[in-house]
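Raw contents of structure.tsv, TSV, C-alpha atoms and all ligand atoms:
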chain	number	residue	atom	x	y	z
A	1	MET	CA	-17.94	-9.39	41.78
A	2	PRO	CA	-16.00	-10.97	38.91
A	3	SER	CA	-12.42	-9.78	38.48
A	4	ILE	CA	-11.51	-7.44	35.63
A	5	GLU	CA	-9.90	-10.35	33.81
A	6	GLU	CA	-13.09	-12.43	34.15
A	7	GLN	CA	-15.24	-9.58	32.94
A	8	ILE	CA	-13.03	-9.15	29.87
A	9	VAL	CA	-13.15	-12.87	29.10
A	10	ALA	CA	-16.96	-12.90	29.47
A	11	ILE	CA	-17.40	-9.97	27.09
A	12	GLU	CA	-14.95	-11.44	24.58
A	13	ASP	CA	-17.08	-14.57	24.73
A	14	GLU	CA	-20.25	-12.61	24.07
A	15	ILE	CA	-18.63	-10.91	21.06
A	16	ARG	CA	-17.63	-14.29	19.67
A	17	ARG	CA	-21.18	-15.59	20.10
A	18	THR	CA	-22.83	-12.56	18.48
A	19	PRO	CA	-23.14	-12.73	14.71
A	20	TYR	CA	-21.81	-9.55	13.13
A	21	ASN	CA	-24.28	-7.65	10.98
A	22	LYS	CA	-25.71	-4.18	10.63
A	23	ALA	CA	-28.21	-4.73	13.44
A	24	THR	CA	-25.61	-5.97	15.93
A	25	SER	CA	-22.68	-3.77	14.94
A	26	GLY	CA	-23.65	-1.05	17.41
A	27	HIS	CA	-23.91	-3.54	20.25
A	28	ILE	CA	-20.58	-5.11	19.37
A	29	GLY	CA	-18.94	-1.69	19.21
A	30	ARG	CA	-20.21	-1.01	22.71
A	31	LEU	CA	-18.85	-4.33	23.97
A	32	ARG	CA	-15.46	-3.60	22.42
A	33	ALA	CA	-15.47	-0.21	24.10
A	34	ARG	CA	-16.28	-1.89	27.40
A	35	ILE	CA	-13.28	-4.21	27.00
A	36	ALA	CA	-11.01	-1.30	26.12
A	37	PHE	CA	-12.22	0.55	29.20
A	38	LEU	CA	-11.65	-2.49	31.45
A	39	ARG	CA	-8.15	-2.89	30.05
A	40	LEU	CA	-7.40	0.72	30.89
A	41	GLU	CA	-8.67	0.04	34.40
A	42	ARG	CA	-6.45	-3.02	34.66
A	43	GLU	CA	-3.47	-0.93	33.52
A	44	ARG	CA	-4.19	1.68	36.15
A	45	ARG	CA	-4.30	-0.96	38.89
A	46	THR	CA	-1.15	-2.80	37.90
A	47	ARG	CA	0.93	0.28	37.28
A	48	GLY	CA	3.74	0.45	39.78
A	49	LYS	CA	3.95	-3.32	40.00
A	50	GLY	CA	6.35	-5.02	37.63
A	51	GLY	CA	9.19	-3.07	36.13
A	52	GLY	CA	12.25	-4.29	37.95
A	53	ILE	CA	15.82	-4.86	36.97
A	54	GLY	CA	16.65	-4.79	33.30
A	55	TYR	CA	13.45	-3.10	32.26
A	56	ALA	CA	14.42	0.46	32.93
A	57	VAL	CA	16.22	1.24	29.70
A	58	ARG	CA	17.82	4.60	29.21
A	59	LYS	CA	17.13	5.80	25.71
A	60	SER	CA	20.10	7.09	23.83
A	61	GLY	CA	21.04	7.95	20.26
A	62	HIS	CA	18.76	9.58	17.72
A	63	ALA	CA	16.08	6.89	17.87
A	64	THR	CA	15.33	3.56	19.48
A	65	ALA	CA	14.26	0.34	17.77
A	66	ALA	CA	12.90	-2.65	19.71
A	67	LEU	CA	13.46	-6.26	18.61
A	68	VAL	CA	10.23	-8.20	19.04
A	69	GLY	CA	9.92	-11.93	18.41
A	70	TYR	CA	9.26	-15.34	19.88
A	71	PRO	CA	12.06	-17.05	21.83
A	72	SER	CA	15.04	-18.41	19.86
A	73	VAL	CA	14.32	-16.71	16.53
A	74	GLY	CA	17.73	-15.00	16.66
A	75	LYS	CA	17.12	-11.56	18.15
A	76	SER	CA	20.31	-11.53	20.20
A	77	THR	CA	22.34	-12.83	17.28
A	78	LEU	CA	21.07	-9.93	15.18
A	79	LEU	CA	21.77	-7.33	17.87
A	80	ASN	CA	25.34	-8.57	18.22
A	81	HIS	CA	25.89	-8.52	14.48
A	82	LEU	CA	24.43	-5.05	13.94
A	83	THR	CA	25.90	-3.30	16.93
A	84	GLY	CA	28.84	-5.24	18.31
A	85	ALA	CA	26.93	-5.55	21.59
A	86	ASN	CA	27.42	-8.74	23.56
A	87	SER	CA	24.01	-10.20	24.19
A	88	GLN	CA	23.94	-13.90	25.07
A	89	SER	CA	22.57	-16.11	22.35
A	90	ALA	CA	21.91	-19.84	22.58
A	91	ALA	CA	19.91	-22.66	21.06
A	92	TYR	CA	17.34	-22.75	23.87
A	93	ASP	CA	14.38	-20.46	24.66
A	94	PHE	CA	14.48	-17.43	26.97
A	95	THR	CA	18.22	-16.95	26.79
A	96	THR	CA	17.74	-13.22	27.07
A	97	VAL	CA	16.06	-12.27	30.35
A	98	SER	CA	16.61	-8.54	30.53
A	99	ILE	CA	16.78	-5.86	27.90
A	100	ILE	CA	20.17	-5.41	26.27
A	101	PRO	CA	20.89	-2.22	24.33
A	102	GLY	CA	23.32	-1.83	21.45
A	103	MET	CA	24.12	1.06	19.12
A	104	LEU	CA	23.90	0.94	15.33
A	105	ASN	CA	25.56	3.77	13.40
A	106	ALA	CA	24.07	4.34	9.97
A	107	ALA	CA	23.57	7.28	7.64
A	108	GLY	CA	25.07	9.67	10.17
A	109	ALA	CA	22.58	8.66	12.87
A	110	SER	CA	23.05	6.53	15.95
A	111	ILE	CA	20.20	4.13	16.44
A	112	GLN	CA	19.74	2.34	19.72
A	113	ILE	CA	18.61	-1.25	19.27
A	114	LEU	CA	17.03	-3.07	22.18
A	115	ASP	CA	17.27	-6.82	22.41
A	116	MET	CA	14.31	-8.14	24.34
A	117	PRO	CA	13.30	-11.38	25.98
A	118	GLY	CA	11.22	-13.50	23.60
A	119	LEU	CA	7.51	-12.79	23.62
A	120	VAL	CA	5.05	-15.60	24.23
A	121	PRO	CA	1.33	-15.68	23.46
A	122	GLY	CA	-0.51	-14.01	26.31
A	123	ALA	CA	2.30	-11.51	26.89
A	124	SER	CA	-0.10	-8.57	27.00
A	125	ARG	CA	-1.86	-10.29	29.91
A	126	GLY	CA	1.44	-10.52	31.73
A	127	ARG	CA	2.79	-13.91	30.68
A	128	GLY	CA	6.56	-14.34	30.59
A	129	ARG	CA	7.26	-10.78	31.78
A	130	GLY	CA	5.33	-9.77	28.69
A	131	ARG	CA	3.89	-6.64	30.19
A	132	GLU	CA	7.29	-5.21	31.03
A	133	VAL	CA	8.61	-6.01	27.57
A	134	LEU	CA	5.58	-4.42	25.96
A	135	SER	CA	5.96	-1.26	28.00
A	136	VAL	CA	9.48	-0.88	26.61
A	137	VAL	CA	8.18	-1.48	23.08
A	138	ARG	CA	5.67	1.30	23.61
A	139	SER	CA	8.46	3.78	24.28
A	140	ALA	CA	10.47	2.82	21.19
A	141	ASP	CA	10.42	4.66	17.85
A	142	LEU	CA	10.44	1.58	15.63
A	143	ILE	CA	9.56	-2.09	15.99
A	144	LEU	CA	11.71	-4.78	14.41
A	145	PHE	CA	9.58	-7.90	14.26
A	146	MET	CA	11.45	-11.15	13.83
A	147	ILE	CA	10.06	-14.52	12.87
A	148	ASP	CA	11.63	-17.71	11.52
A	149	LYS	CA	10.61	-21.04	10.02
A	150	ASP	CA	9.81	-22.58	13.40
A	151	HIS	CA	7.94	-19.50	14.65
A	152	PRO	CA	6.13	-18.14	11.59
A	153	ASP	CA	3.06	-16.72	13.37
A	154	PHE	CA	3.52	-13.05	12.61
A	155	ARG	CA	-0.14	-12.28	13.18
A	156	GLY	CA	-0.01	-13.63	16.74
A	157	LEU	CA	2.97	-11.43	17.46
A	158	ARG	CA	1.24	-8.38	16.11
A	159	ASP	CA	-1.93	-9.16	18.05
A	160	GLU	CA	0.02	-9.18	21.32
A	161	LEU	CA	1.15	-5.66	20.52
A	162	GLU	CA	-2.33	-4.60	19.45
A	163	ASP	CA	-3.68	-5.84	22.78
A	164	ALA	CA	-1.07	-3.75	24.53
A	165	GLY	CA	-2.29	-0.64	22.72
A	166	VAL	CA	0.45	-0.52	20.07
A	167	ARG	CA	-0.79	0.32	16.57
A	168	VAL	CA	1.65	-0.83	13.95
A	169	ASN	CA	2.24	1.09	10.71
A	170	ALA	CA	-0.86	3.14	11.36
A	171	ARG	CA	-1.36	6.80	12.10
A	172	ARG	CA	-3.49	8.38	14.78
A	173	PRO	CA	-7.12	8.54	13.60
A	174	ARG	CA	-8.40	12.02	12.73
A	175	ILE	CA	-11.08	12.17	15.38
A	176	VAL	CA	-11.25	15.11	17.78
A	177	VAL	CA	-12.87	14.43	21.13
A	178	THR	CA	-13.61	17.45	23.33
A	179	PRO	CA	-15.16	16.68	26.71
A	180	GLY	CA	-17.69	19.19	28.06
A	181	THR	CA	-19.60	19.61	31.32
A	182	ARG	CA	-23.22	19.75	30.15
A	183	GLY	CA	-25.50	19.85	27.11
A	184	GLY	CA	-25.03	16.24	26.05
A	185	LEU	CA	-22.76	14.81	23.42
A	186	THR	CA	-22.75	15.97	19.79
A	187	VAL	CA	-21.30	13.85	17.03
A	188	THR	CA	-20.41	15.52	13.73
A	189	SER	CA	-18.28	14.58	10.78
A	190	THR	CA	-16.60	16.36	7.89
A	191	VAL	CA	-16.76	13.20	5.76
A	192	LYS	CA	-19.42	10.55	5.18
A	193	LEU	CA	-19.20	7.82	7.84
A	194	THR	CA	-19.67	4.37	6.36
A	195	HIS	CA	-18.52	2.18	9.29
A	196	LEU	CA	-20.18	3.84	12.22
A	197	GLU	CA	-23.48	5.54	13.03
A	198	ALA	CA	-23.74	8.54	15.30
A	199	GLU	CA	-25.75	6.57	17.89
A	200	SER	CA	-23.07	3.88	18.03
A	201	ALA	CA	-20.39	6.52	18.49
A	202	THR	CA	-22.39	8.03	21.35
A	203	ALA	CA	-22.86	4.62	22.98
A	204	ILE	CA	-19.14	3.89	22.72
A	205	ALA	CA	-18.28	7.28	24.23
A	206	ARG	CA	-20.64	6.55	27.14
A	207	GLU	CA	-18.67	3.40	27.96
A	208	PHE	CA	-15.75	5.72	28.62
A	209	GLY	CA	-17.85	7.96	30.84
A	210	LEU	CA	-18.10	10.66	28.19
A	211	HIS	CA	-21.64	12.11	28.34
A	212	ASN	CA	-21.05	15.75	27.40
A	213	GLY	CA	-18.95	17.47	24.78
A	214	SER	CA	-18.27	16.80	21.13
A	215	ILE	CA	-16.79	14.23	18.81
A	216	VAL	CA	-15.73	15.40	15.36
A	217	PHE	CA	-14.80	12.82	12.73
A	218	ARG	CA	-12.36	14.14	10.13
A	219	GLU	CA	-12.06	10.74	8.49
A	220	ASP	CA	-14.29	7.74	7.84
A	221	ALA	CA	-13.22	5.95	11.02
A	222	THR	CA	-14.22	2.60	12.49
A	223	ALA	CA	-15.53	1.84	15.98
A	224	GLU	CA	-12.06	0.50	16.84
A	225	GLN	CA	-10.46	3.78	15.87
A	226	LEU	CA	-12.90	5.76	17.97
A	227	ILE	CA	-12.19	3.45	20.90
A	228	ASP	CA	-8.46	4.03	20.40
A	229	VAL	CA	-8.91	7.78	20.56
A	230	LEU	CA	-11.15	7.58	23.63
A	231	ALA	CA	-8.75	5.21	25.42
A	232	GLY	CA	-6.06	7.80	24.75
A	233	ASN	CA	-3.06	5.59	25.55
A	234	ARG	CA	-2.38	4.16	22.14
A	235	VAL	CA	1.00	4.50	20.48
A	236	TYR	CA	1.45	4.49	16.72
A	237	LEU	CA	4.75	3.01	15.60
A	238	PRO	CA	6.36	2.12	12.29
A	239	ALA	CA	7.48	-1.50	12.01
A	240	ILE	CA	9.69	-3.72	9.88
A	241	LEU	CA	9.23	-7.47	9.54
A	242	THR	CA	12.34	-9.62	9.30
A	243	VAL	CA	12.39	-13.34	8.58
A	244	ASN	CA	15.57	-14.73	10.13
A	245	LYS	CA	17.51	-17.93	9.44
A	246	SER	CA	16.74	-17.58	5.76
A	247	ASP	CA	19.73	-19.84	5.15
A	248	LEU	CA	17.30	-22.62	6.13
A	249	LEU	CA	14.52	-21.53	3.76
A	250	GLU	CA	13.46	-22.97	0.43
A	251	LEU	CA	12.02	-20.72	-2.25
A	252	ALA	CA	8.52	-22.04	-1.47
A	253	ASP	CA	8.96	-21.05	2.19
A	254	ARG	CA	9.77	-17.51	1.14
A	255	ALA	CA	6.66	-17.29	-1.00
A	256	ARG	CA	4.55	-18.51	1.92
A	257	PHE	CA	6.08	-15.93	4.28
A	258	ARG	CA	5.41	-13.18	1.72
A	259	GLU	CA	1.82	-14.26	1.35
A	260	GLN	CA	0.96	-14.43	5.05
A	261	ALA	CA	2.81	-11.24	5.96
A	262	LYS	CA	0.77	-8.97	3.70
A	263	PRO	CA	0.64	-5.97	3.70
A	264	PHE	CA	4.13	-6.19	5.22
A	265	GLU	CA	7.03	-6.94	2.90
A	266	PRO	CA	9.31	-9.17	4.89
A	267	ILE	CA	13.08	-8.74	4.72
A	268	PHE	CA	14.81	-12.12	4.63
A	269	ILE	CA	18.02	-12.18	6.62
A	270	ALA	CA	20.44	-14.55	8.27
A	271	ALA	CA	21.65	-12.88	11.42
A	272	GLU	CA	24.31	-15.50	12.00
A	273	THR	CA	26.08	-15.06	8.66
A	274	GLY	CA	25.19	-11.41	8.18
A	275	GLN	CA	23.26	-12.13	5.01
A	276	ASN	CA	21.14	-9.21	3.76
A	277	LEU	CA	21.75	-7.06	6.83
A	278	ASP	CA	22.62	-4.11	4.55
A	279	GLU	CA	19.09	-4.12	3.24
A	280	LEU	CA	17.73	-4.28	6.78
A	281	VAL	CA	19.84	-1.32	7.89
A	282	LEU	CA	18.60	0.69	4.90
A	283	ALA	CA	15.02	-0.15	5.80
A	284	ILE	CA	15.60	0.91	9.41
A	285	VAL	CA	17.02	4.25	8.35
A	286	ARG	CA	14.17	4.78	5.90
A	287	ALA	CA	11.48	3.85	8.45
A	288	LEU	CA	12.88	6.29	11.00
A	289	ALA	CA	12.79	9.01	8.36
A	290	PHE	CA	15.67	11.05	9.71
A	291	ILE	CA	16.12	14.59	8.51
A	292	ARG	CA	19.28	16.72	8.53
A	293	VAL	CA	19.05	20.29	9.72
A	294	TYR	CA	21.94	22.74	9.41
A	295	LEU	CA	22.36	25.53	11.93
A	296	ARG	CA	23.32	28.96	10.72
A	297	PRO	CA	24.49	31.63	13.14
A	298	PRO	CA	22.75	35.01	12.61
A	299	GLY	CA	24.42	36.77	9.68
A	300	GLY	CA	26.88	33.91	9.24
A	301	GLU	CA	27.22	30.85	7.07
A	302	ALA	CA	25.44	27.56	7.69
A	303	ASP	CA	27.47	24.71	9.17
A	304	ARG	CA	27.13	22.32	6.25
A	305	VAL	CA	29.48	19.79	7.76
A	306	GLU	CA	27.71	18.62	10.86
A	307	PRO	CA	23.95	18.52	10.51
A	308	LEU	CA	21.69	17.94	13.46
A	309	ILE	CA	19.90	14.63	12.96
A	310	LEU	CA	16.19	14.74	13.82
A	311	ARG	CA	13.28	12.40	13.29
A	312	GLY	CA	10.98	13.17	10.35
A	313	GLY	CA	8.03	15.22	11.54
A	314	SER	CA	10.22	17.23	13.92
A	315	ARG	CA	9.41	20.84	14.68
A	316	ILE	CA	11.50	23.82	15.78
A	317	SER	CA	10.64	22.81	19.37
A	318	ASP	CA	12.32	19.41	18.80
A	319	LEU	CA	15.37	21.19	17.42
A	320	LEU	CA	15.49	23.47	20.49
A	321	ALA	CA	15.37	20.41	22.74
A	322	ARG	CA	18.72	19.39	21.27
A	323	LEU	CA	20.37	22.78	21.79
A	324	PRO	CA	21.61	24.35	25.05
A	325	ALA	CA	18.66	24.90	27.39
A	326	ASP	CA	18.96	28.71	27.56
A	327	LEU	CA	18.39	28.92	23.80
A	328	GLY	CA	15.07	27.16	24.28
A	329	ARG	CA	14.11	29.32	27.24
A	330	ASN	CA	14.95	32.61	25.52
A	331	PHE	CA	13.67	31.54	22.11
A	332	LYS	CA	12.07	34.38	20.13
A	333	SER	CA	11.73	33.00	16.62
A	334	ALA	CA	13.62	31.11	13.98
A	335	LEU	CA	14.55	31.87	10.37
A	336	VAL	CA	14.28	28.98	7.95
A	337	TRP	CA	15.73	28.35	4.48
A	338	GLY	CA	14.93	25.19	2.57
A	339	ARG	CA	12.02	22.97	1.65
A	340	SER	CA	9.91	23.72	4.71
A	341	ALA	CA	10.13	27.50	4.20
A	342	ARG	CA	7.56	29.31	2.08
A	343	PHE	CA	10.33	31.73	1.08
A	344	PRO	CA	14.05	31.87	1.99
A	345	GLY	CA	14.57	33.20	5.49
A	346	GLN	CA	10.94	32.85	6.59
A	347	THR	CA	10.35	33.73	10.26
A	348	VAL	CA	8.70	30.86	12.12
A	349	GLY	CA	7.75	29.79	15.66
A	350	ARG	CA	8.22	26.66	17.75
A	351	ASP	CA	5.50	24.73	15.90
A	352	HIS	CA	7.06	25.01	12.47
A	353	LEU	CA	7.50	21.62	10.79
A	354	LEU	CA	11.05	21.07	9.52
A	355	ALA	CA	12.16	19.28	6.36
A	356	ASP	CA	15.33	17.45	5.34
A	357	GLU	CA	18.28	19.80	4.67
A	358	ASP	CA	16.63	22.88	6.12
A	359	VAL	CA	18.92	25.66	7.31
A	360	VAL	CA	17.83	27.28	10.57
A	361	THR	CA	18.86	30.37	12.50
A	362	VAL	CA	17.62	30.55	16.08
A	363	LEU	CA	16.89	34.04	17.41
A	364	ILE	CA	16.60	34.70	21.12
A	365	GLN	CA	14.75	37.43	22.94
A	366	ARG	CA	17.46	39.84	23.97
A	367	GLY	CA	19.25	40.63	20.72
A	368	ARG	CA	20.70	38.00	18.45
A	369	VAL	CA	23.00	35.32	19.74
A	370	ALA	CA	24.61	32.68	17.64
A	371	PRO	CA	23.49	29.16	18.47
A	372	ALA	CA	26.27	27.21	20.14
B	401	LIG	N1	20.63	-21.22	10.89
B	401	LIG	C1	20.62	-20.05	11.54
B	401	LIG	N2	20.61	-20.05	12.90
B	401	LIG	C2	20.59	-18.85	13.53
B	401	LIG	C3	20.58	-17.62	12.81
B	401	LIG	N3	20.53	-16.61	13.70
B	401	LIG	C4	20.52	-17.18	14.93
B	401	LIG	N4	20.55	-18.53	14.85
B	401	LIG	C5	20.58	-19.50	15.98
B	401	LIG	O1	19.34	-19.50	16.66
B	401	LIG	C6	19.54	-19.76	18.05
B	401	LIG	C7	18.84	-18.71	18.91
B	401	LIG	O2	19.48	-17.44	18.72
B	401	LIG	P1	19.32	-16.25	19.77
B	401	LIG	O3	19.99	-15.07	19.14
B	401	LIG	O4	19.76	-16.65	21.13
B	401	LIG	O5	17.74	-16.08	19.77
B	401	LIG	P2	16.84	-15.05	20.63
B	401	LIG	O6	15.72	-14.65	19.75
B	401	LIG	O7	17.69	-13.98	21.19
B	401	LIG	O8	16.27	-16.00	21.79
B	401	LIG	P3	15.73	-15.59	23.26
B	401	LIG	O9	16.68	-14.61	23.87
B	401	LIG	O10	15.69	-16.89	23.99
B	401	LIG	O11	14.35	-15.01	23.06
B	401	LIG	C8	21.04	-19.81	18.27
B	401	LIG	O12	21.45	-21.16	18.31
B	401	LIG	C9	21.60	-19.12	17.02
B	401	LIG	O13	22.89	-19.59	16.69
B	401	LIG	C10	20.61	-17.68	11.37
B	401	LIG	O14	20.62	-16.66	10.66
B	401	LIG	N5	20.61	-18.92	10.80
B	402	MG	MG	17.99	-13.42	23.09

What does this structure look like when you write it as structure tokens?
Ligand SMILES: Nc1nc2c(ncn2[C@@H]2O[C@H](COP(=O)(O)OP(=O)(O)OP(=O)(O)O)[C@@H](O)[C@H]2O)c(=O)[nH]1
Ligand SMILES: [Mg+2]
Amino acid sequence: MPSIEEQIVAIEDEIRRTPYNKATSGHIGRLRARIAFLRLERERRTRGKGGGIGYAVRKSGHATAALVGYPSVGKSTLLNHLTGANSQSAAYDFTTVSIIPGMLNAAGASIQILDMPGLVPGASRGRGRGREVLSVVRSADLILFMIDKDHPDFRGLRDELEDAGVRVNARRPRIVVTPGTRGGLTVTSTVKLTHLEAESATAIAREFGLHNGSIVFREDATAEQLIDVLAGNRVYLPAILTVNKSDLLELADRARFREQAKPFEPIFIAAETGQNLDELVLAIVRALAFIRVYLRPPGGEADRVEPLILRGGSRISDLLARLPADLGRNFKSALVWGRSARFPGQTVGRDHLLADEDVVTVLIQRGRVAPA
């Protein structure tokens, strides 16, 4: 019986040898699904191994950004400059062997930045402690890619993350998979599917052991996107691309970086001299899309001085998670003023989506109590 790794390599080989056209696209989709399934299996078997000292990072602050790049591009230098942390930096590879956190304070938010050991090609298959590093990346809120003139292969870096199930600057596909117990599998869509036929979707689902239930496409998705949803362990993260050591770059180099990074717009910095770090910090704050929410005690005035900082896309439940636990437990409803409210003082539940500068009053079950 070939090992999982060997099976994956063999199927990758078959995909490479198969010309891609309409007649083979279904077959190739099935092979890709098979690989995704085998990777899941490999994950399951290796879980529990690895980890180890330096890789258990306690998250703190309002959000966490992970520095991802090849060895010696200047990740530690940047961390030290942005946060005043003291991560070793040196002119040889693999200076950083464990994960070093630092804290960046910007726009009223504290942002944890994680300096990581350099990634090498093959990291997602476990090379150079790659798997541990990638598992930390998966738990971050933002990826800071870093490349430089000697390590310009941004695509390779991104592919390592893709292989580890990280989808960069993408959102979760709008595909709803509902497993059932009998009656076969139905595939329906609310839009015209141009990349994928129903039979191919069914075949892909079968590779994941899904034989009954329904798949509903709410967007014109690809086979890859369906596989992502079926695999279920994908993370979707915003990312920023930085090109470091830009003090060493000619204008022509910059143009080349811009060209190959598309659709990313690289930010050129020099971590050592601090050049252009203001722009980077702005981009970080923008990518994390923080919102400010003001608490207002029942019948009182809103505290306009100290907003709660939340990530964009936060709901009342996320707000409650930041308040004393008994408020969450006894939560009855909330009143909202601001852009997310249909009218001032609208009564909402835990699922209500908040907007920047909302004012919120939390009501608890037994009478009204002012939020602490
Ligand atoms: N010219 C120039 N050199 C830089 C810059 N930033 C960092 N360096 C140098 O690049 C070398 C590597 O920097 P590190 O910060 O250790 O790189 P790293 O990415 O943390 O490396 P690993 O931890 O080994 O993965 C050091 O000699 C730095 O002084 C820069 O903006 N310009
Ligand atoms: Mg380092």

In Å, with one decimal, what is the gap from atom CA of A:Ile100 to atom CA of A:Glu43?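 That distance, rounded to one decimal, is 25.1 Å.
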
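Within 12 Å of the file-frame point (-23.1, -5.1, 12.8), and using only C-alpha atoms, the polymer residues found are Ile15, Thr18, Pro19, Tyr20, Asn21, Lys22, Ala23, Thr24, Ser25, Gly26, His27, Ile28, Gly29, Arg30, Leu31, Thr194, His195, Leu196, Glu197, Ser200, Thr222 and Ala223 of chain A.
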
Create the file for the chosen residues now, containing C-alpha atoms and written as an mmCIF file, in the frame of the given file.
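Output (part-v7.cif):
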data_model
loop_
_atom_site.group_PDB
_atom_site.id
_atom_site.type_symbol
_atom_site.label_atom_id
_atom_site.label_comp_id
_atom_site.auth_asym_id
_atom_site.auth_seq_id
_atom_site.Cartn_x
_atom_site.Cartn_y
_atom_site.Cartn_z
ATOM 1 C CA ILE A 15 -18.630 -10.910 21.060
ATOM 2 C CA THR A 18 -22.830 -12.560 18.480
ATOM 3 C CA PRO A 19 -23.140 -12.730 14.710
ATOM 4 C CA TYR A 20 -21.810 -9.550 13.130
ATOM 5 C CA ASN A 21 -24.280 -7.650 10.980
ATOM 6 C CA LYS A 22 -25.710 -4.180 10.630
ATOM 7 C CA ALA A 23 -28.210 -4.730 13.440
ATOM 8 C CA THR A 24 -25.610 -5.970 15.930
ATOM 9 C CA SER A 25 -22.680 -3.770 14.940
ATOM 10 C CA GLY A 26 -23.650 -1.050 17.410
ATOM 11 C CA HIS A 27 -23.910 -3.540 20.250
ATOM 12 C CA ILE A 28 -20.580 -5.110 19.370
ATOM 13 C CA GLY A 29 -18.940 -1.690 19.210
ATOM 14 C CA ARG A 30 -20.210 -1.010 22.710
ATOM 15 C CA LEU A 31 -18.850 -4.330 23.970
ATOM 16 C CA THR A 194 -19.670 4.370 6.360
ATOM 17 C CA HIS A 195 -18.520 2.180 9.290
ATOM 18 C CA LEU A 196 -20.180 3.840 12.220
ATOM 19 C CA GLU A 197 -23.480 5.540 13.030
ATOM 20 C CA SER A 200 -23.070 3.880 18.030
ATOM 21 C CA THR A 222 -14.220 2.600 12.490
ATOM 22 C CA ALA A 223 -15.530 1.840 15.980
#

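With all atoms listed in the file as the atoms that count, the minimum distance from A:Leu320 to the choices A:Val137, A:Leu82, A:Val293, A:Ala91 is reached by A:Val293.
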
Within-6 Å residues of ligand MG 402 (chain B), basis all atoms listed in the file, as a list in words: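 After applying the 6 Å limit, what remains is Lys75, Ser76, Ser89, Thr95, Thr96 and Pro117 of chain A.
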
For ligand LIG 401 (chain B), return the neighbouring residues as a short mmCIF file (atom, residue, chain, number, x, y, z; two decimals) with C-alpha atoms, in the frame of the given file (distance at most 8 Å; all atoms listed in the file).
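Printed below is pocket23.cif as written:
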data_model
loop_
_atom_site.label_atom_id
_atom_site.label_comp_id
_atom_site.auth_asym_id
_atom_site.auth_seq_id
_atom_site.Cartn_x
_atom_site.Cartn_y
_atom_site.Cartn_z
CA GLY A 69 9.92 -11.93 18.41
CA TYR A 70 9.26 -15.34 19.88
CA PRO A 71 12.06 -17.05 21.83
CA SER A 72 15.04 -18.41 19.86
CA VAL A 73 14.32 -16.71 16.53
CA GLY A 74 17.73 -15.00 16.66
CA LYS A 75 17.12 -11.56 18.15
CA SER A 76 20.31 -11.53 20.20
CA THR A 77 22.34 -12.83 17.28
CA LEU A 78 21.07 -9.93 15.18
CA SER A 87 24.01 -10.20 24.19
CA GLN A 88 23.94 -13.90 25.07
CA SER A 89 22.57 -16.11 22.35
CA ALA A 90 21.91 -19.84 22.58
CA ALA A 91 19.91 -22.66 21.06
CA TYR A 92 17.34 -22.75 23.87
CA ASP A 93 14.38 -20.46 24.66
CA PHE A 94 14.48 -17.43 26.97
CA THR A 95 18.22 -16.95 26.79
CA THR A 96 17.74 -13.22 27.07
CA VAL A 97 16.06 -12.27 30.35
CA ASP A 115 17.27 -6.82 22.41
CA MET A 116 14.31 -8.14 24.34
CA PRO A 117 13.30 -11.38 25.98
CA GLY A 118 11.22 -13.50 23.60
CA LEU A 119 7.51 -12.79 23.62
CA ASN A 244 15.57 -14.73 10.13
CA LYS A 245 17.51 -17.93 9.44
CA SER A 246 16.74 -17.58 5.76
CA ASP A 247 19.73 -19.84 5.15
CA LEU A 248 17.30 -22.62 6.13
CA ILE A 269 18.02 -12.18 6.62
CA ALA A 270 20.44 -14.55 8.27
CA ALA A 271 21.65 -12.88 11.42
CA GLU A 272 24.31 -15.50 12.00
CA THR A 273 26.08 -15.06 8.66
CA GLY A 274 25.19 -11.41 8.18
CA GLN A 275 23.26 -12.13 5.01
#

The residues within 12 Å of (11.4, 21.4, 21.4), using only C-alpha atoms and the coordinates of the file, should be reported as number ranges by chain; which are they? A: 310, 314-325, 327-329, 331, 349-354

Give me, as a tab-separated table, each residue of stretch 235-335 of chain A that comes within 10 Å of stretch 172-177 of chain A, together with its shortest interatomic pair and the distance in Å at one decimal, counting all atoms listed in the file, with rows ordered by chain and rising residue number.
residue	atom	partner	partner_atom	distance
A:Val235	CA	A:Arg172	CA	8.2
A:Tyr236	CA	A:Arg172	CA	6.6
A:Leu237	CA	A:Arg172	CA	9.9

Can you write out the residues you just picked, keeping C-alpha atoms, as a PDB file, keeping the file's coordinate frame?
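So result.pdb came out as:
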ATOM      1  CA  VAL A 235       1.000   4.500  20.480  1.00  0.00           C
ATOM      2  CA  TYR A 236       1.450   4.490  16.720  1.00  0.00           C
ATOM      3  CA  LEU A 237       4.750   3.010  15.600  1.00  0.00           C
TER       4      LEU A 237
END

Find the residues around A:Thr202 up to 9 Å (only C-alpha atoms counted), leave out those fewer than 2 positions away in its own chain, and share them as a PyMOL selection string. chain A and resi 185-187+197-200+204-207+210-211+215
